[in-house]
Amino acid sequence: MATNTHMRSSDLPISHEGFLEHKRFRYLKVALVLILISVIVYFVADVGARHNGGTWLGYALGTISALLIVWLMFLGIRKRAATAGHWSLKGWTSAHVYLGSSLLVLATLHTGFQFGLNIHTLAYALMVIVIVSGFFGIYYYATVPRRMSDNRAHRTQKDLLDAIRALNRELTEAAQPLDPKYVNEVKRAIRKTKIKPGLLSSISSAQRQCATTRAAKRLRRAMETADESMRRPLETVVAILERKSALLLRTRRHIRNKTLLRLWLYFHVPLSFALLAALIAHIVSVFFYW
Amino acid sequence: MESVKIAIVGSGPAGLSAAGRASARGVSHVLLEKTDHLSDTIFKYQRGKYIMATPDQLPLRSDIAFEAGSRESIINRWDDDAEKQKINVRLHSEVTAIQGSRGNFQISLADGDTIKAEYVVLAVGVQGNPNKLRNPGTDQPFVQYQLDDPKEYYDENIIVIGGGDAGIENALGLADPQQGNIVTLLQRADGFPRSKEANVQALYAARDQGRLDFITEASLIRVEQGGSGESLWVAVVDTKDGEARLPCDRIIARLGAAPPRKFVEAAGVEFTGPDREAFPVLSPKYESTVPGLYIIGALAGFPLIKHCMNQGHDVVEFISGNKELQPPDTPLLEELFKDAPVKRSVDDWIVHIRDRVELLNDVSPLQMREFLLASQIHYKKRGDIIMNRNDIGSSIFAIIDGTVAVEVDPNNRSKTVPIQAGNIFGELGLISGRRRTATVRADEPVMILEIPRNATLKLMASVPGVKRRMDRISTERQVGQIFGQLLPQSAVDEIVNNAEILPLKAGDAFIKEGDRSTDIFIIRSGSAVVEKHIGNKDVFLSYVLAGNYVGEMSLFYDGLRTATVRAAIKSEVVRLPGQIFERLLSNNPDLYRSVERLVASRRKVNDYIEAKRESFSSVVDMHTSVARFLLEEEGLSEATDALVIDETLCVGCDNCEKACADIHEGISRLDREAGNSYAYIHVPTSCRHCEHPHCMTDCPPDAIHRGPDGEVFIDEKCIGCGNCQRYCPYGVIQMAAIPPKKPGLLSWLAFGTGPGPGEPDQDWIKENRQGEDPPKLAVKCDMCAGIKGGPACVRACPTGAAVRISPDEYLSLAGEAQE
């Protein structure tokens with residue numbers, strides 16, 4: 001059997017490449033060539049006493065890196081500008097990833113490994129943080145979508161939330177025949193259950209704090225000691241609570257996945273702007289105060 | 001014995017209008033009516049029925065008034081007008097025979113009287129002769145062909161058969177919730193192409209309210225006893241999803257009506273053909289083959305009241321010697337023919353085209369006028385291209401004058417087959433819904449009539465001769481295209497003569513693995529999947545599109561079917577008898593070898609699979625289930641271009657939706673998150689650009705078209721009726737108002753003005769809307785036609801998750817076997 005070589009990241013039976021493989025790793029190759037040339041020149045070129053940003057090679061690497069940073073930031077505009085033309089955002093992303101990563105080498109060579117407590121090293125450090133946050137992004141982009149698809153099982157977020165609301169109605173109805181203390185327990189469970197957790201609990205995805213889950217546990221225990229007449233209705237309510245708890249778990253996972261896919265951007269993007277500012281300061285200071 | 005100049009038989013809109021004109025002109029006349037009231041057909045309409053005055057653009061030319069209104073208001077008005085106009089009406093006068101010719105007609109009446117007339121105008125309509133059901137069990141007394149007052153029936157299971165206007169109106173009348181009837185309407189066609197838009201809308205609305213149900217593409221098989229409980233009779237119905245059994249207390253069949261042919265033929269009038277629905281042969285002035293005997297109205301082939309009334313007026317003018325009078329649509333048709341090299345009157349053109357083009361031989365002049373108004377005429381010089389191979393198009397072309405050349409070999413332009421004047425081409429595109437299969441150019445100066453898809457479909461639906469000829473021509477062409485190079489003409493003719501067109505429902509297997517048969521099937525419309533039973537599973541082998549053929553392989557396996565072929569969607573196949581091929585092949589070794597070469601690649605795949613039968617892995621299972629998911633569950637088997645999303649890459653950024661909204665007028669035509677997924681393949685809610693687009697089924701302003709790249713789009717003629725949205729089975733059309741223009745991207749980035757990329761939210765729209773809300777119109781994907789770079793959804797995907805696929809480019813095991 002000929003293997004399904006054209007089935008790449010999914011089982012979609014047509015040939016298509018994700019952003020990492022775009023055009024058979026075209027931008028990975030470009031980045032590698034760029035790095036290779038820089039490294040060779042770095043070791044071969046005669047720049048006087050020692051490497052630093054002020055040599056001809058330093059200026060060259062600095063200029064290339066600065067232009068790259070500015071261009072990399074243009075992705076934000078490219079992404080949002082739905083214009084006509086033969087551009088592909090996937091191609092842009094691919095180039096962004098590989099050329100952005102190449103900065104780790106290019107800019108490091110530009111420094112000539114001279115670091116200190118100054119604006120120049122600040123710019124460098126910011127750049128490294130931005131790139132590392134980008135690596136997190138790549139990691140999440142490569143791993144989360146598949147998990148997210150498994151978890152949501154064809155359902156949209158709206159479907160999930162609608163289903164939870166429907167269960168709430170069912171709960172209210174099913175709780176009618178119960179003793180007031182149980183009814184209050186159910187009501188409290190409905191009221192106190194937060195679907196959309198705060199940022200931290202969303203990434204930790206802990207279900208322990210969930211009011212619904214706790215209520216389900218408590219009422220199941222209560223069932224053992226409850227009156228004979230209460231047992232059946234309690235059972236119904238507990239069953240719904242448990243269903244809701246399962247659904248909540250799924251919904252929270254969905255939200256957690258969505259958060260993971262976005263969280264890194266909250267570092268990546270603002271830090272990029274900080275980097276841009278530091279970069280400008282670095283360039284200005286170099287030309288005016290050197 | 002009464003003697004008049006004009007005797008008018010039938011007092012419907014046509015006859016009444018004729019009598020009105022005769023009276024106004026002071027011509028001696030008599031209006032003969034069988035019943036005790038005027039216009040029995042309208043009289044028998046359901047009580048309170050609202051009668052429409054279509055076609056809207058056609059002016060009314062009559063001495064009798066007519067405008068849209070209730071049945072009662074129209075009947076009263078006509079009674080008044082008949083009296084005011086001093087029309088000589090003779091009720092209770094059933095005509096039993098008409099004899100004689102111009103100047104000397106004798107009309108015998110059922111009461112024994114005879115009337116002498118110089119001219120006879122026959123306007124008896126067709127309602128006296130309704131089409132009947134012929135299925136087993138339909139001779140029961142509860143099967144009826146007319147419904148006078150729907151309020152008479154309550155708490156019954158009622159099946160209305162026929163989705164024409166009469167059937168829809170009956171069903172709606174019976175479905176009043178206060179009567180408690182359970183009403184089901186059965187419609188044979190896919191949609192309601194022959195009914196008035198307003199009726200169709202009302203029907204859909206009633207279904208949405210749960211007042212009634214209807215089943216399209218359904219037909220009655222039989223009525224039998226065997227239901228349980230109170231309802232002892234059941235109607236067994238053939239539907240898309242198989243046989244259904246519906247309890248029924250009453251069947252109301254509204255299957256249209258055919259001309260009272262015997263009576264008309266007895267007067268000496270000839271008909272256009274032998275079909276039950278054929279119409280009398282008429283001159284453009286409505287004169288039949290009997291001089292002096294004129295036929296107008298529904299009997300002449302035109303069922304619309306306004307047409308009938310105009311004809312009544314005109315026919316009396318013609319009889320009175322008015323030679324100048326032109327039908328109201330003549331100026332429009334004159335415009336159509338204005339560039340013709342030969343000067344002819346519109347009437348002469350109509351006769352010329354009808355006689356010239358075989359397909360149109362059975363079409364009445366009035367129907368000719370109607371579709372010509374929708375058609376175009378092209379004049380081409382020698383060498384001009386008329387249509388290109390792989391163009392998208394579903395209109396047909398009829399050659400009025402000249403010859404065209406069909407390029408049969410895409411690699412060699414000089415290899416052509418001529419098509420002579422009087423023939424048509426382009427019909428394969430119409431039937432299959434796929435791209436044009438050959439380039440056609442003018443071989444000499446030609447005059448060509450292009451009839452658009454909808455007009456052609458209407459002609460095929462209303463004139464049986466057109467459908468019959470179309471079927472024959474398309475079969476001939478397809479057989480010729482596939483086997484013409486290999487077989488002598490005599491063999492091709494024999495095959496065509498024995499070919500049979502079979503309609504199939506989704507899932508129907510027309511070739512079964514293990515059977516013995518050598519019949520070959522051409523897939524005429526729709527598509528098919530080829531499957532093979534391996535290790536207790538049906539393994540998906542390939543997907544076959546319209547225009548291709550299957551079944552030839554058994555000729556090389558001793559007549560044994562090596563795979564099963566099923567219709568993927570509702571399809572039509574042409575069955576070519578295998579014996580003919582067997583005989584041809586055994587008599588002709590050269591032919592055997594060339595056919596063998598033709599099927600070599602398919603054989604290779606087959607042998608490969610046979611050899612690997614044991615070691616088929618789960619990969620094939622996956623392939624099969626993915627194919628089933630896409631083709632069958634998600635309906636991509638009728639798609640030509642669909643958006644799918646690789647869920648292992650999709651990060652849910654919705655940039656596809658945002659780009660879609662921003663590159664169009666601010667409305668996203670796709671919903672990424674909605675839709676089904678399977679094996680990480682997600683089919684979002686977005687147009688698939690079907691081969692036979694469901695949305696086109698009933699677009700009143702004819703605003704939905706297929707563009708040059710295959711995109712199905714809605715043009716500015718959209719009136720926002722929502723029919724397309726209701727017809728689309730995939731829910732990809734929305735009714736939406738264009739939002740106000742947003743500030744530019746840079747001002748949003750820099751200053752946060754406006755709502756940002758993507759569809760603006762409702763609050764922003766409300767705040768920024770200047771003046772009235774624009775009307776809500778139908779919005780759907782147009783594949784970014786005319787936008788450089790192509791579909792924005794794909795270009796704007798940052799990870800490469802969004803791809804557009806067309807089913808003919810994927811899903812075949814053949815490709816892998818050959819790797």
# chains A, B, ... in the order shown; residues from 1 in each chain; ligands from 1

$ interface_residues --of "chain A" --to "chain B" --cutoff "6 Å" --atoms "only C-alpha atoms" --output "compact mmCIF listing (two decimals) with all heavy atoms, in the first residue's frame"
# COMPACT_ATOMS: atom_id res chain seq x y z
N ILE A 14 -6.62 15.71 0.64
CA ILE A 14 -6.08 16.51 -0.44
C ILE A 14 -4.78 17.09 0.05
O ILE A 14 -4.54 17.20 1.24
CB ILE A 14 -7.01 17.66 -0.85
CG1 ILE A 14 -7.31 18.52 0.36
CG2 ILE A 14 -8.27 17.17 -1.50
CD1 ILE A 14 -7.73 19.89 -0.02
N GLY A 18 0.39 23.06 6.25
CA GLY A 18 0.19 24.03 7.30
C GLY A 18 1.24 25.12 7.21
O GLY A 18 2.13 25.08 6.35
N PHE A 19 1.14 26.10 8.12
CA PHE A 19 2.05 27.25 8.01
C PHE A 19 3.51 26.86 8.24
O PHE A 19 4.41 27.49 7.72
CB PHE A 19 1.62 28.39 8.95
CG PHE A 19 1.75 28.06 10.41
CD1 PHE A 19 2.82 28.56 11.14
CD2 PHE A 19 0.81 27.28 11.06
CE1 PHE A 19 2.95 28.27 12.50
CE2 PHE A 19 0.92 26.98 12.40
CZ PHE A 19 2.00 27.48 13.12
N ALA A 82 -8.07 42.91 4.67
CA ALA A 82 -8.58 41.98 3.66
C ALA A 82 -8.57 42.69 2.31
O ALA A 82 -9.55 43.28 1.90
CB ALA A 82 -9.99 41.55 4.02
N ALA A 84 -7.44 42.74 -1.94
CA ALA A 84 -7.29 41.83 -3.07
C ALA A 84 -5.80 41.59 -3.31
O ALA A 84 -4.96 42.33 -2.82
CB ALA A 84 -7.94 42.43 -4.31
N GLY A 85 -5.48 40.56 -4.04
CA GLY A 85 -4.08 40.32 -4.38
C GLY A 85 -3.66 38.91 -4.05
O GLY A 85 -4.32 38.21 -3.28
N HIS A 86 -2.53 38.52 -4.60
CA HIS A 86 -2.10 37.13 -4.45
C HIS A 86 -1.24 36.93 -3.22
O HIS A 86 -0.16 36.39 -3.29
CB HIS A 86 -1.36 36.68 -5.70
CG HIS A 86 -2.25 36.61 -6.89
ND1 HIS A 86 -3.07 35.54 -7.15
CD2 HIS A 86 -2.48 37.50 -7.87
CE1 HIS A 86 -3.76 35.77 -8.23
NE2 HIS A 86 -3.42 36.95 -8.70
N SER A 88 -0.79 35.38 0.73
CA SER A 88 -1.34 34.32 1.56
C SER A 88 -0.87 34.56 2.99
O SER A 88 0.32 34.65 3.25
CB SER A 88 -0.84 32.97 1.04
OG SER A 88 -0.61 32.08 2.11
N LEU A 89 -1.80 34.68 3.89
CA LEU A 89 -1.43 34.96 5.28
C LEU A 89 -0.64 33.79 5.85
O LEU A 89 0.23 33.98 6.70
CB LEU A 89 -2.69 35.22 6.12
CG LEU A 89 -2.41 35.76 7.51
CD1 LEU A 89 -1.72 37.12 7.45
CD2 LEU A 89 -3.68 35.89 8.33
N LYS A 90 -0.92 32.60 5.35
CA LYS A 90 -0.16 31.43 5.78
C LYS A 90 1.33 31.63 5.44
O LYS A 90 2.20 31.36 6.27
CB LYS A 90 -0.71 30.18 5.08
CG LYS A 90 0.04 28.91 5.42
CD LYS A 90 -0.57 27.69 4.78
CE LYS A 90 -0.42 27.73 3.27
NZ LYS A 90 -0.57 26.39 2.66
N THR A 93 2.75 34.05 7.84
CA THR A 93 2.97 33.45 9.15
C THR A 93 4.24 32.60 9.12
O THR A 93 5.06 32.64 10.04
CB THR A 93 1.78 32.56 9.55
OG1 THR A 93 0.59 33.20 9.18
CG2 THR A 93 1.79 32.26 11.02
N PRO A 145 -5.13 22.89 18.70
CA PRO A 145 -6.29 22.71 17.81
C PRO A 145 -6.84 21.29 17.80
O PRO A 145 -8.04 21.08 17.86
CB PRO A 145 -5.76 23.10 16.44
CG PRO A 145 -4.70 24.10 16.73
CD PRO A 145 -4.06 23.61 17.99
N ARG A 146 -5.98 20.30 17.76
CA ARG A 146 -6.44 18.91 17.73
C ARG A 146 -7.20 18.58 19.02
O ARG A 146 -8.28 18.01 18.98
CB ARG A 146 -5.24 17.98 17.55
CG ARG A 146 -5.59 16.53 17.32
CD ARG A 146 -4.34 15.70 17.14
NE ARG A 146 -3.76 15.86 15.83
CZ ARG A 146 -3.96 15.01 14.81
NH1 ARG A 146 -4.75 13.98 14.97
NH2 ARG A 146 -3.40 15.20 13.65
N HIS A 154 -17.81 18.58 17.60
CA HIS A 154 -18.75 19.18 16.63
C HIS A 154 -19.56 20.33 17.19
O HIS A 154 -20.31 20.95 16.46
CB HIS A 154 -19.77 18.18 16.07
CG HIS A 154 -19.16 16.98 15.45
ND1 HIS A 154 -19.84 16.19 14.58
CD2 HIS A 154 -17.94 16.45 15.56
CE1 HIS A 154 -19.07 15.20 14.20
NE2 HIS A 154 -17.90 15.35 14.79
N THR A 156 -20.45 23.92 18.81
CA THR A 156 -19.90 25.26 18.89
C THR A 156 -20.00 25.71 20.35
O THR A 156 -20.72 25.11 21.14
CB THR A 156 -20.67 26.25 18.02
OG1 THR A 156 -22.00 26.34 18.53
CG2 THR A 156 -20.74 25.79 16.58

$ residues_around --residues "Phe136 (chain A)" --least-positions-apart "3" --cutoff "12 Å" --atoms "only C-alpha atoms" --output "compact mmCIF listing (two decimals) with N, CA and C atoms, in the first residue's frame"
# COMPACT_ATOMS: atom_id res chain seq x y z
N VAL A 97 7.49 33.23 11.40
CA VAL A 97 8.02 32.26 12.36
C VAL A 97 9.52 32.04 12.11
N ILE A 129 12.65 37.88 24.58
CA ILE A 129 11.39 37.50 25.25
C ILE A 129 10.27 37.38 24.21
N VAL A 130 10.23 38.34 23.28
CA VAL A 130 9.19 38.30 22.26
C VAL A 130 9.31 37.00 21.45
N ILE A 131 10.55 36.67 21.09
CA ILE A 131 10.72 35.45 20.27
C ILE A 131 10.34 34.21 21.07
N VAL A 132 10.73 34.19 22.33
CA VAL A 132 10.39 33.02 23.15
C VAL A 132 8.88 32.92 23.32
N SER A 133 8.22 34.07 23.52
CA SER A 133 6.76 34.00 23.62
C SER A 133 6.17 33.49 22.31
N TYR A 139 4.06 26.38 19.76
CA TYR A 139 3.76 25.14 20.47
C TYR A 139 2.26 24.97 20.64
N TYR A 140 1.59 26.04 21.08
CA TYR A 140 0.14 25.93 21.28
C TYR A 140 -0.57 25.73 19.95
N TYR A 141 -0.13 26.45 18.92
CA TYR A 141 -0.78 26.31 17.61
C TYR A 141 -0.63 24.89 17.09
N ALA A 142 0.47 24.25 17.44
CA ALA A 142 0.71 22.92 16.91
C ALA A 142 -0.03 21.85 17.71
N THR A 143 -0.35 22.13 18.98
CA THR A 143 -0.91 21.06 19.81
C THR A 143 -2.37 21.29 20.20
N VAL A 144 -2.76 22.54 20.40
CA VAL A 144 -4.10 22.77 20.96
C VAL A 144 -5.25 22.49 19.98
N LEU A 260 -5.58 29.39 25.76
CA LEU A 260 -4.18 29.04 25.46
C LEU A 260 -3.77 29.56 24.09
N LEU A 261 -4.72 29.48 23.15
CA LEU A 261 -4.38 29.92 21.81
C LEU A 261 -4.21 31.43 21.72
N ARG A 262 -4.70 32.13 22.75
CA ARG A 262 -4.62 33.59 22.69
C ARG A 262 -3.67 34.18 23.72
N LEU A 263 -3.52 33.45 24.84
CA LEU A 263 -2.80 34.01 25.98
C LEU A 263 -1.41 34.51 25.60
N TRP A 264 -0.69 33.69 24.85
CA TRP A 264 0.69 34.06 24.50
C TRP A 264 0.73 35.36 23.72
N LEU A 265 -0.34 35.63 22.97
CA LEU A 265 -0.36 36.87 22.18
C LEU A 265 -0.39 38.10 23.09
N TYR A 266 -0.99 37.92 24.30
CA TYR A 266 -1.05 39.06 25.23
C TYR A 266 0.35 39.43 25.72
N PHE A 267 1.29 38.52 25.59
CA PHE A 267 2.68 38.87 25.87
C PHE A 267 3.39 39.30 24.60
N HIS A 268 3.18 38.49 23.58
CA HIS A 268 3.91 38.65 22.32
C HIS A 268 3.69 40.04 21.72

$ atom_distance --atom1 "CA of Pro177 (chain A)" --atom2 "CA of Leu219 (chain A)"
14.4 Å

$ residues_around --residues "Leu36 (chain A)" --least-positions-apart "4" --cutoff "12 Å" --atoms "only C-alpha atoms" --output "tab-separated table (two decimals) with all heavy atoms, in the first residue's frame"
chain	number	residue	atom	x	y	z
A	29	LYS	N	14.18	27.43	5.00
A	29	LYS	CA	15.40	27.41	4.21
A	29	LYS	C	16.01	28.80	4.11
A	29	LYS	O	17.22	28.99	4.29
A	29	LYS	CB	15.12	26.85	2.81
A	29	LYS	CG	14.77	25.36	2.82
A	29	LYS	CD	14.29	24.92	1.45
A	29	LYS	CE	13.68	23.52	1.51
A	29	LYS	NZ	12.87	23.24	0.30
A	30	VAL	N	15.16	29.79	3.83
A	30	VAL	CA	15.66	31.17	3.73
A	30	VAL	C	16.33	31.56	5.04
A	30	VAL	O	17.44	32.11	5.06
A	30	VAL	CB	14.50	32.14	3.41
A	30	VAL	CG1	14.97	33.59	3.52
A	30	VAL	CG2	13.95	31.85	2.02
A	31	ALA	N	15.67	31.24	6.16
A	31	ALA	CA	16.21	31.62	7.46
A	31	ALA	C	17.54	30.93	7.72
A	31	ALA	O	18.50	31.55	8.21
A	31	ALA	CB	15.20	31.26	8.56
A	32	LEU	N	17.61	29.64	7.36
A	32	LEU	CA	18.86	28.90	7.59
A	32	LEU	C	20.00	29.49	6.77
A	32	LEU	O	21.12	29.64	7.26
A	32	LEU	CB	18.66	27.42	7.26
A	32	LEU	CG	17.82	26.65	8.30
A	32	LEU	CD1	17.57	25.22	7.84
A	32	LEU	CD2	18.49	26.68	9.67
A	40	ILE	N	29.11	32.56	9.04
A	40	ILE	CA	30.38	32.46	8.31
A	40	ILE	C	31.07	33.81	8.26
A	40	ILE	O	32.26	33.94	8.59
A	40	ILE	CB	30.13	31.90	6.88
A	40	ILE	CG1	29.70	30.43	6.97
A	40	ILE	CG2	31.39	32.04	6.02
A	40	ILE	CD1	29.22	29.86	5.66
A	41	VAL	N	30.29	34.84	7.86
A	41	VAL	CA	30.90	36.17	7.75
A	41	VAL	C	31.44	36.60	9.10
A	41	VAL	O	32.52	37.18	9.22
A	41	VAL	CB	29.87	37.18	7.20
A	41	VAL	CG1	30.44	38.59	7.23
A	41	VAL	CG2	29.47	36.80	5.78
A	42	TYR	N	30.67	36.30	10.18
A	42	TYR	CA	31.08	36.69	11.51
A	42	TYR	C	32.47	36.15	11.85
A	42	TYR	O	33.32	36.84	12.40
A	42	TYR	CB	30.06	36.18	12.52
A	42	TYR	CG	30.29	36.64	13.94
A	42	TYR	CD1	29.82	37.88	14.37
A	42	TYR	CD2	30.99	35.84	14.85
A	42	TYR	CE1	30.02	38.31	15.67
A	42	TYR	CE2	31.21	36.27	16.15
A	42	TYR	CZ	30.71	37.51	16.56
A	42	TYR	OH	30.92	37.92	17.85
A	43	PHE	N	32.69	34.88	11.48
A	43	PHE	CA	33.97	34.30	11.84
A	43	PHE	C	35.08	34.60	10.84
A	43	PHE	O	36.24	34.57	11.18
A	43	PHE	CB	33.82	32.78	12.04
A	43	PHE	CG	33.13	32.44	13.32
A	43	PHE	CD1	31.83	31.96	13.33
A	43	PHE	CD2	33.78	32.66	14.54
A	43	PHE	CE1	31.19	31.69	14.52
A	43	PHE	CE2	33.14	32.38	15.74
A	43	PHE	CZ	31.83	31.90	15.74
A	102	SER	N	15.21	33.50	13.26
A	102	SER	CA	16.60	33.72	12.83
A	102	SER	C	17.20	34.94	13.52
A	102	SER	O	18.43	35.07	13.63
A	102	SER	CB	16.66	33.88	11.31
A	102	SER	OG	16.17	35.15	10.94
A	105	VAL	N	19.85	34.52	16.18
A	105	VAL	CA	21.25	34.43	15.77
A	105	VAL	C	21.75	35.79	15.27
A	105	VAL	O	22.77	36.31	15.71
A	105	VAL	CB	21.43	33.36	14.68
A	105	VAL	CG1	22.86	33.33	14.19
A	105	VAL	CG2	20.98	32.01	15.20
A	106	LEU	N	20.97	36.38	14.34
A	106	LEU	CA	21.41	37.62	13.70
A	106	LEU	C	21.68	38.73	14.73
A	106	LEU	O	22.74	39.37	14.71
A	106	LEU	CB	20.34	38.09	12.70
A	106	LEU	CG	20.57	37.67	11.24
A	106	LEU	CD1	20.64	36.17	11.12
A	106	LEU	CD2	19.49	38.23	10.34
A	109	LEU	N	24.67	38.01	17.01
A	109	LEU	CA	25.94	38.31	16.35
A	109	LEU	C	26.15	39.82	16.29
A	109	LEU	O	27.26	40.31	16.42
A	109	LEU	CB	25.96	37.70	14.94
A	109	LEU	CG	25.91	36.17	14.87
A	109	LEU	CD1	25.93	35.70	13.42
A	109	LEU	CD2	27.06	35.55	15.65

$ select_by_dssp --residues "region 270-372 of chain B" --states "strand (DSSP E or B)" --output "MDAnalysis selection string"
chainID B and resid 271 280 287 293:295

$ write_last_selection --atoms "all heavy atoms" --output "PDB file, in the first residue's frame"
ATOM      1  N   PHE B 271     -53.271  18.432 -34.085  1.00  0.00           N
ATOM      2  CA  PHE B 271     -52.459  18.749 -32.914  1.00  0.00           C
ATOM      3  C   PHE B 271     -50.978  18.692 -33.261  1.00  0.00           C
ATOM      4  O   PHE B 271     -50.585  18.105 -34.253  1.00  0.00           O
ATOM      5  CB  PHE B 271     -52.785  17.773 -31.774  1.00  0.00           C
ATOM      6  CG  PHE B 271     -53.992  18.173 -30.980  1.00  0.00           C
ATOM      7  CD1 PHE B 271     -55.243  18.190 -31.591  1.00  0.00           C
ATOM      8  CD2 PHE B 271     -53.889  18.562 -29.658  1.00  0.00           C
ATOM      9  CE1 PHE B 271     -56.368  18.570 -30.873  1.00  0.00           C
ATOM     10  CE2 PHE B 271     -55.010  18.948 -28.943  1.00  0.00           C
ATOM     11  CZ  PHE B 271     -56.250  18.956 -29.548  1.00  0.00           C
ATOM     12  N   PRO B 280     -53.151  22.135 -30.004  1.00  0.00           N
ATOM     13  CA  PRO B 280     -53.553  22.221 -31.416  1.00  0.00           C
ATOM     14  C   PRO B 280     -52.556  23.050 -32.215  1.00  0.00           C
ATOM     15  O   PRO B 280     -51.913  23.955 -31.677  1.00  0.00           O
ATOM     16  CB  PRO B 280     -54.913  22.927 -31.361  1.00  0.00           C
ATOM     17  CG  PRO B 280     -55.368  22.839 -29.954  1.00  0.00           C
ATOM     18  CD  PRO B 280     -54.145  22.746 -29.106  1.00  0.00           C
ATOM     19  N   GLU B 287     -55.535  30.801 -35.593  1.00  0.00           N
ATOM     20  CA  GLU B 287     -56.406  30.017 -36.457  1.00  0.00           C
ATOM     21  C   GLU B 287     -55.890  28.583 -36.484  1.00  0.00           C
ATOM     22  O   GLU B 287     -54.694  28.346 -36.638  1.00  0.00           O
ATOM     23  CB  GLU B 287     -56.424  30.604 -37.875  1.00  0.00           C
ATOM     24  CG  GLU B 287     -57.576  30.060 -38.707  1.00  0.00           C
ATOM     25  CD  GLU B 287     -57.794  30.870 -39.987  1.00  0.00           C
ATOM     26  OE1 GLU B 287     -56.963  31.752 -40.276  1.00  0.00           O
ATOM     27  OE2 GLU B 287     -58.789  30.604 -40.693  1.00  0.00           O
ATOM     28  N   LEU B 293     -61.766  28.508 -37.863  1.00  0.00           N
ATOM     29  CA  LEU B 293     -61.926  28.027 -36.485  1.00  0.00           C
ATOM     30  C   LEU B 293     -60.699  28.465 -35.688  1.00  0.00           C
ATOM     31  O   LEU B 293     -59.572  28.059 -35.987  1.00  0.00           O
ATOM     32  CB  LEU B 293     -62.071  26.504 -36.469  1.00  0.00           C
ATOM     33  CG  LEU B 293     -62.633  25.889 -35.173  1.00  0.00           C
ATOM     34  CD1 LEU B 293     -63.205  24.518 -35.444  1.00  0.00           C
ATOM     35  CD2 LEU B 293     -61.641  25.837 -34.054  1.00  0.00           C
ATOM     36  N   TYR B 294     -60.944  29.305 -34.715  1.00  0.00           N
ATOM     37  CA  TYR B 294     -59.855  29.877 -33.918  1.00  0.00           C
ATOM     38  C   TYR B 294     -59.848  29.244 -32.534  1.00  0.00           C
ATOM     39  O   TYR B 294     -60.909  28.925 -32.000  1.00  0.00           O
ATOM     40  CB  TYR B 294     -60.043  31.391 -33.801  1.00  0.00           C
ATOM     41  CG  TYR B 294     -59.843  32.112 -35.118  1.00  0.00           C
ATOM     42  CD1 TYR B 294     -60.825  32.097 -36.103  1.00  0.00           C
ATOM     43  CD2 TYR B 294     -58.666  32.797 -35.373  1.00  0.00           C
ATOM     44  CE1 TYR B 294     -60.636  32.747 -37.309  1.00  0.00           C
ATOM     45  CE2 TYR B 294     -58.472  33.465 -36.578  1.00  0.00           C
ATOM     46  CZ  TYR B 294     -59.454  33.432 -37.548  1.00  0.00           C
ATOM     47  OH  TYR B 294     -59.245  34.065 -38.726  1.00  0.00           O
ATOM     48  N   ILE B 295     -58.669  29.053 -32.003  1.00  0.00           N
ATOM     49  CA  ILE B 295     -58.571  28.465 -30.662  1.00  0.00           C
ATOM     50  C   ILE B 295     -57.727  29.382 -29.780  1.00  0.00           C
ATOM     51  O   ILE B 295     -56.619  29.775 -30.160  1.00  0.00           O
ATOM     52  CB  ILE B 295     -57.948  27.055 -30.716  1.00  0.00           C
ATOM     53  CG1 ILE B 295     -58.851  26.138 -31.550  1.00  0.00           C
ATOM     54  CG2 ILE B 295     -57.740  26.493 -29.318  1.00  0.00           C
ATOM     55  CD1 ILE B 295     -58.328  24.730 -31.715  1.00  0.00           C
TER      56      ILE B 295
END

$ atom_distance --atom1 "CA of Cys718 (chain B)" --atom2 "CA of Gly433 (chain B)"
22.5 Å

$ atom_distance --atom1 "CA of Trp92 (chain A)" --atom2 "CA of Leu75 (chain A)"
6.9 Å

$ closest_residue --among "A:Asn184, A:Gln157, A:Asn168, A:Ser38" --to "Ile240 (chain A)" --atoms "only C-alpha atoms"
A:Asn168

$ closest_residue --among "B:Ala455, B:Val316, B:Ala506, B:Val479" --to "Gln376 (chain B)" --atoms "only C-alpha atoms"
B:Ala455

$ residues_around --residues "Gly707 (chain B)" --least-positions-apart "2" --cutoff "10 Å" --atoms "only C-alpha atoms" --output "ChimeraX atom specification"
/B:391-393,704-705,709-714,782-783,785-786

$ residues_around --residues "Asp162 (chain A)" --least-positions-apart "4" --cutoff "12 Å" --atoms "only C-alpha atoms" --output "list in words"
Arg155, Thr156, Gln157, Lys158, Ala166, Leu167, Asn168, Arg169, Ile195, Lys244, Leu247, Leu248 and Thr251 of chain A
